[in-house]
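Structure record follows, encoded as structure tokens.
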Amino acid sequence: MRAIVVAGGSTDPSDADLLPDADLVIAADGGATWLATLPRLPDLLVGDLDSTARRLVTELEAAGVPIERHPVDKDASDLELALAAAATRGATAITILGALHGERLDHELANLLALADPAWAARGIAVDIVRGGTSVVALRGPGELQLDGRVGDLVSLLPVGGDAAQVSTRDLRYPLEGEPLALGLARGISNVVDGPRPSVRLGSGTLLIIEISGAFT
């Protein structure tokens with residue numbers, strides 16, 4: 001089952017095109033505000049509701065939208081709670097919208113790092129972040145990922161949680177052949193798709209893989 005979780009950060013107009021194919025749409029607190037502009041009722045609203053106008057919450061309640069309320073003082077972010085709700089309801093693939101370019105850098109970083117949670121791989125759930133032509137996914141080693149990008153698209157590989165070892169790429173302009181990428185260094189950024197079947201293979205560690213379509217076209 002494919003779920004979309006909408007957080008309260010910035011969205012691209014094209015993000016709305018992903019909603020019709022979703023089996024489940026969950027608003028993580030302020031994400032309900034963007035959905036209301038479409039208009040698209042969420043199937044569930046999750047969070048402490050400190051970023052959603054009270055009037056909108058009342059309207060959603062009146063429309064029959066289930067609301068999972070949480071206290072403001074809590075140990076998980078609204079996005080984490082929404083992701084957990086999607087997983088509990090049987091999602092096997094989750095796309096997060098509104099996770100980037102918000103006013104809170106700390107939230108943006110936390111949203112990106114949430115992709116690296118090993119629990120997703122353990123549960124067999126694919127999770128990615130999308131904003132317009134930008135997508136982010138985590139690859140844990142040992143593993144391989146076929147990229148979606150076309151020739152000219154930008155690809156960046158960022159290790160998280162430690163160094164990434166035995167990184168190999170195919171059909172990227174600047175190839176890696178079983179090489180390490182060190183945490184905190186920028187060697188893996190700004191690569192470019194240079195062939196029809198781009199992919200990344202990783203021996204150990206975790207990579208955040210960022211694809212940006214049309215970056216060099």
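A note on labels: chains of the structure tokens are A, B, ... as shown, every chain counts residues from 1, and ligands are counted from 1 in their shown order.
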Test item: residues at most 12 Å from Ala93 (chain A), only C-alpha atoms, excluding those fewer than 4 positions along its chain, as a ChimeraX atom specification: /A:1-5,21-25,83,86-87,89,120-121,123-129,137
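By only C-alpha atoms, and with residues fewer than 5 positions from Gly149 (chain A) along its chain excluded, the set lying at most 8 Å from it is Leu154, Val193, Pro198, Glu211, Ile212 and Ser213 of chain A.
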DSSP-assigned strand (DSSP E) among region 31-214 of chain A, expressed as JSON, numbers by chain: {"A": [44, 45, 46, 47, 67, 68, 69, 93, 94, 95, 96, 97, 126, 127, 128, 129, 130, 131, 134, 135, 136, 137, 138, 139, 140, 143, 144, 145, 146, 154, 155, 156, 157, 158, 159, 164, 165, 166, 167, 168, 169, 170, 179, 180, 181, 191, 192, 199, 200, 201, 202, 203, 204, 206, 207, 208, 209, 210, 211, 212]}
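All residues of protein, DNA or RNA that reach within 8 Å of Gln146 (chain A), judged by only C-alpha atoms and not counting those fewer than 4 positions away in the chain, are Arg197, Pro198, Ser199 and Val200 of chain A.
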Limited to C-alpha atoms, could you put the picked residues into a file as a CSV table (one decimal), in the first residue's frame?
```csv
chain,number,residue,atom,x,y,z
A,197,ARG,CA,20.8,2.8,-16.3
A,198,PRO,CA,22.3,4.8,-13.4
A,199,SER,CA,22.7,2.9,-10.1
A,200,VAL,CA,24.6,3.0,-6.8
```
Polymer residues at most 7 Å from Val6 (chain A), only C-alpha atoms, same-chain spacing of 3 or more positions, as a VMD selection string: chain A and resid 26 to 28 31 96 to 98
Just write the chosen residues, C-alpha atoms, as a compact mmCIF listing (two decimals), in the first residue's frame.
```
# COMPACT_ATOMS: atom_id res chain seq x y z
CA ILE A 26 -1.85 11.53 6.20
CA ALA A 27 -1.33 15.13 7.26
CA ALA A 28 1.38 15.67 9.85
CA GLY A 31 0.56 19.59 6.29
CA ILE A 96 6.90 12.42 2.34
CA LEU A 97 5.91 15.81 0.98
CA GLY A 98 6.51 19.15 2.68
```
Close residues, Gly143 (chain A) itself excluded, 8 Å, only C-alpha atoms, min 3 positions apart in chain, as a list in words: Leu139, Arg140, Arg201, Leu202 and Gly203 of chain A
Residues near Gly161 (chain A), cut-off 9 Å, only C-alpha atoms, skip fewer than 5 positions along chain, as a PyMOL selection string: chain A and resi 116+183+205-207
Produce a file of the selected residues containing C-alpha atoms, as a PDB file, in the first residue's frame.
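That gives us part.pdb:
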```pdb
ATOM      1  CA  ALA A 116      18.134   6.582   7.564  1.00  0.00           C
ATOM      2  CA  LEU A 183      31.232  11.333   6.776  1.00  0.00           C
ATOM      3  CA  GLY A 205      27.111   2.155   5.940  1.00  0.00           C
ATOM      4  CA  THR A 206      24.217   4.413   4.941  1.00  0.00           C
ATOM      5  CA  LEU A 207      23.922   6.919   2.096  1.00  0.00           C
TER       6      LEU A 207
END
```
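Here CA of Glu144 (chain A) stands at a distance of 24.7 Å from CA of Gly90 (chain A).
Atom pair CA of Val192 (chain A) / CA of Pro118 (chain A) has a distance of 27.6 Å (rounded to one decimal).
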